[in-house]
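For reference, the structure discussed in these notes is given below.
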There are 2 protein chains.
Amino acid sequence: MSSPRVLIVEDEQPIRDMAVFALEQAGFTALQAGDASSAQSIIADQSPDLILLDWMLPGVSGLELARRWKKEDLTRDIPIIMLTARVEEDDKVLGLESGADDYVTKPFSPRELVARMKAVLRRAAPDGSDATLRANGLELDTVGHRVTAAHRQVELGPTEYRLLKFLMAHPDRVYSRGQLLDRVWGSNVYVEERTVDVHIRRLRKALEPSMHANLIQTVRGAGYRFSTRL
Amino acid sequence: MSSPRVLIVEDEQPIRDMAVFALEQAGFTALQAGDASSAQSIIADQSPDLILLDWMLPGVSGLELARRWKKEDLTRDIPIIMLTARVEEDDKVLGLESGADDYVTKPFSPRELVARMKAVLRRAAPDGSDATLRANGLELDTVGHRVTAAHRQVELGPTEYRLLKFLMAHPDRVYSRGQLLDRVWGSNVYVEERTVDVHIRRLRKALEPSMHANLIQTVRGAGYRFSTRL
DNA sequence: GCAGCGGGTCATATTTCTGTAACATGTTTG
DNA sequence: CAAACATGTTACAGAAATATGACCCGCTGC
């Protein structure tokens, strides 16, 4: 797992800055939101690997948010760590009941924060939460790093593997070339957008013999999509 | 969202020019009005994504306007940022109570203005809030970029897709060809108005097999409309 | 240093849109 | 009813987006 994306939802700028610094120091990619709705939109288009959620937020409370996210398919699997002021220990109970995976009391030390985050991420076994992704006889085993189509091994280069893995993990969703570059190649990498085409091509070629190439669909003017429906 | 439309309601020309410049610089599409009534008519036929409203206006005060807009269905969801002279902080309260979403004191820096606008727009998270639009068995999935009619896939070109998406997002409302060009093709694009007809035709043709073509209605002398009522 | 592999870019082929013009069909008005 | 308009349809060539194949460069392991 290269540089998990962590979203910090916290209204107080200084705390946010501090956390961002700590995270990036620790090799995470930090995303930030100052309120519930911007958090929502970041989640929608970045789907972070972990959320740090402030207990007290203007408007909707963090508690409420956590509960909501745990209900929705798209967000259910994203682990949440609550940031709470050191008030009553009782909050802990509430926080965990709301679906949070862990909690940290403010003020927190960066080291503690990072340690807990790593623990949670390890537990969640993030991206490939299911060891193997499946669709129409196509199998991608995230543990063994191998892809099988109708019990026949498929040879893929590393990039094609990551690309397929990402697409299979988010089916029926269109991703623009730019988004794919961000999510599969990694941010802060400058590569031509057209390069995505080429890798899509290589991926398709590899899937062709087993008739799975049509799972990788072009959406003209928008990007690419993995879907079992035609 | 490509290039949100921002309406500036401000009677002093120089300030307006300045704001317009700043906005366009930042990639917004600027609309302007010097008084309440022209603002009203621009809103009616452009429905901007955000309104910058001067506190002091000849005739009706900005405050009053904001209040009025927040009461009407058509305008309620358009966020408003108040522009106020740096007088009393109390105005702030009044401004927010009137329903404004934020306020900026004059003189303002373009950067601040733009930053706040972005924040407000993000909060509003408008267009893509519902992932899929539905009407009479016709479904448009904005995430997967797919259109389904009675569970049967509908093939659309990019423009037809955008056109349908726009119309479905604003049902029961007539749009002139000019408005559609603005909203679907994008401003500063010069294209024959009759071109809209052709795309409407293509859209209808695609919806015909599933009997959904009648949802796209012609309003002679006015434009087109999407509606489930005949 | 060299062969081999991966991966990025370019140039070129293909496919798919798009805008317009031209003509057809309706509608309204005087 | 005919002229003047408004909208519907179709065909088509230019433009845009994508697919594909070739090339090249840097790195790894000999």
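In the structure tokens, chains take the letters A, B, ... in the order shown, each chain's residues start at 1, and ligands count up from 1 in the order shown.
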Write out as a PyMOL selection string which residues come within 8 Å of segment 15-28 of chain D when counting only C-alpha atoms (C1' of nucleotides), dropping same-chain ones fewer than 2 positions away. (chain A and resi 197+201+220-221) or (chain C and resi 13-18)
Write the residues you've just listed into a file as a PDB file, in the first residue's frame, and include C-alpha atoms (C1' of nucleotides) for each of them.
ATOM      1  CA  ASP A 197      -5.198   4.908 -22.963  1.00  0.00           C
ATOM      2  CA  ARG A 201      -5.112  -1.013 -24.205  1.00  0.00           C
ATOM      3  CA  ARG A 220     -16.461   8.745 -24.582  1.00  0.00           C
ATOM      4  CA  GLY A 221     -15.844  12.207 -23.262  1.00  0.00           C
TER       5      GLY A 221
ATOM      6  C1'  DA C  13      -5.265   4.792 -37.913  1.00  0.00           C
ATOM      7  C1'  DT C  14     -10.081   4.440 -36.612  1.00  0.00           C
ATOM      8  C1'  DT C  15     -14.135   5.394 -34.680  1.00  0.00           C
ATOM      9  C1'  DT C  16     -17.548   8.416 -33.057  1.00  0.00           C
ATOM     10  C1'  DC C  17     -19.378  12.993 -32.507  1.00  0.00           C
ATOM     11  C1'  DT C  18     -21.011  17.535 -34.007  1.00  0.00           C
TER      12       DT C  18
END
Do me a favour and pick out the residues of chain C within 8 Å of chain A, using only C-alpha atoms (C1' of nucleotides), as a ChimeraX atom specification. /C:6,8-9
Identify all residues of segment 35-230 of chain B in strand (DSSP E or B) (DSSP on the backbone) and supply them as a ChimeraX atom specification. /B:50-54,80-85,102-106,132-135,138-141,146-149,152-154,175,216-219,223-226
Leaving out DG29 of chain D and any residue of its chain fewer than 4 positions from it, which residues lie within 12 Å of it when counting only C-alpha atoms (C1' of nucleotides), given as a PDB file with N, CA and C atoms (P, O5', C5', C4', C3', O3' and C1' of nucleotides), in the first residue's frame?
ATOM      1  P    DC C   2      27.728  -2.714 -25.224  1.00  0.00           P
ATOM      2  O5'  DC C   2      26.714  -3.851 -24.768  1.00  0.00           O
ATOM      3  C5'  DC C   2      27.210  -5.151 -24.420  1.00  0.00           C
ATOM      4  C4'  DC C   2      26.033  -6.060 -24.141  1.00  0.00           C
ATOM      5  C3'  DC C   2      24.803  -5.734 -24.991  1.00  0.00           C
ATOM      6  O3'  DC C   2      24.119  -6.939 -25.262  1.00  0.00           O
ATOM      7  C1'  DC C   2      24.275  -5.434 -22.728  1.00  0.00           C
ATOM      8  P    DA C   3      23.103  -7.041 -26.441  1.00  0.00           P
ATOM      9  O5'  DA C   3      21.950  -7.868 -25.733  1.00  0.00           O
ATOM     10  C5'  DA C   3      22.257  -9.130 -25.144  1.00  0.00           C
ATOM     11  C4'  DA C   3      21.088  -9.541 -24.275  1.00  0.00           C
ATOM     12  C3'  DA C   3      19.736  -9.405 -24.989  1.00  0.00           C
ATOM     13  O3'  DA C   3      18.917 -10.496 -24.598  1.00  0.00           O
ATOM     14  C1'  DA C   3      19.800  -7.953 -23.099  1.00  0.00           C
ATOM     15  P    DG C   4      17.402 -10.532 -25.077  1.00  0.00           P
ATOM     16  O5'  DG C   4      16.680  -9.970 -23.781  1.00  0.00           O
ATOM     17  C5'  DG C   4      17.008 -10.493 -22.487  1.00  0.00           C
ATOM     18  C4'  DG C   4      16.008  -9.974 -21.492  1.00  0.00           C
ATOM     19  C3'  DG C   4      14.604  -9.820 -22.083  1.00  0.00           C
ATOM     20  O3'  DG C   4      13.664 -10.169 -21.087  1.00  0.00           O
ATOM     21  C1'  DG C   4      15.374  -7.699 -21.373  1.00  0.00           C
ATOM     22  P    DC C   5      12.129 -10.239 -21.462  1.00  0.00           P
ATOM     23  O5'  DC C   5      11.567  -9.109 -20.500  1.00  0.00           O
ATOM     24  C5'  DC C   5      11.970  -9.102 -19.125  1.00  0.00           C
ATOM     25  C4'  DC C   5      11.465  -7.845 -18.472  1.00  0.00           C
ATOM     26  C3'  DC C   5      10.021  -7.482 -18.843  1.00  0.00           C
ATOM     27  O3'  DC C   5       9.324  -7.235 -17.642  1.00  0.00           O
ATOM     28  C1'  DC C   5      11.463  -5.619 -19.200  1.00  0.00           C
TER      29       DC C   5
END
Identify, on the basis of only C-alpha atoms (C1' of nucleotides), every residue whose closest approach to DC1 of chain D does not exceed 12 Å; exclude the query and any residue fewer than 2 positions from it along the same chain; express the result as a PyMOL selection string. (chain C and resi 29-30) or (chain D and resi 3)
Can you tell me, as an MDAnalysis selection string, what residues are no more than 12 Å from Asp17 of chain A when counting only C-alpha atoms (C1' of nucleotides), ignoring any on the same chain fewer than 4 positions away? chainID A and resid 8:13 21:24 30:34 110
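Minimum atom-to-atom distances from B:Phe28, B:Phe226, B:Tyr161, B:Trp69 to chain A were compared using only C-alpha atoms, and the lowest value belongs to B:Tyr161.
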One decimal, Å: what's the distance from atom CA of Leu140 of chain A over to atom CA of Ser41 of chain A, could you say? 29.1 Å
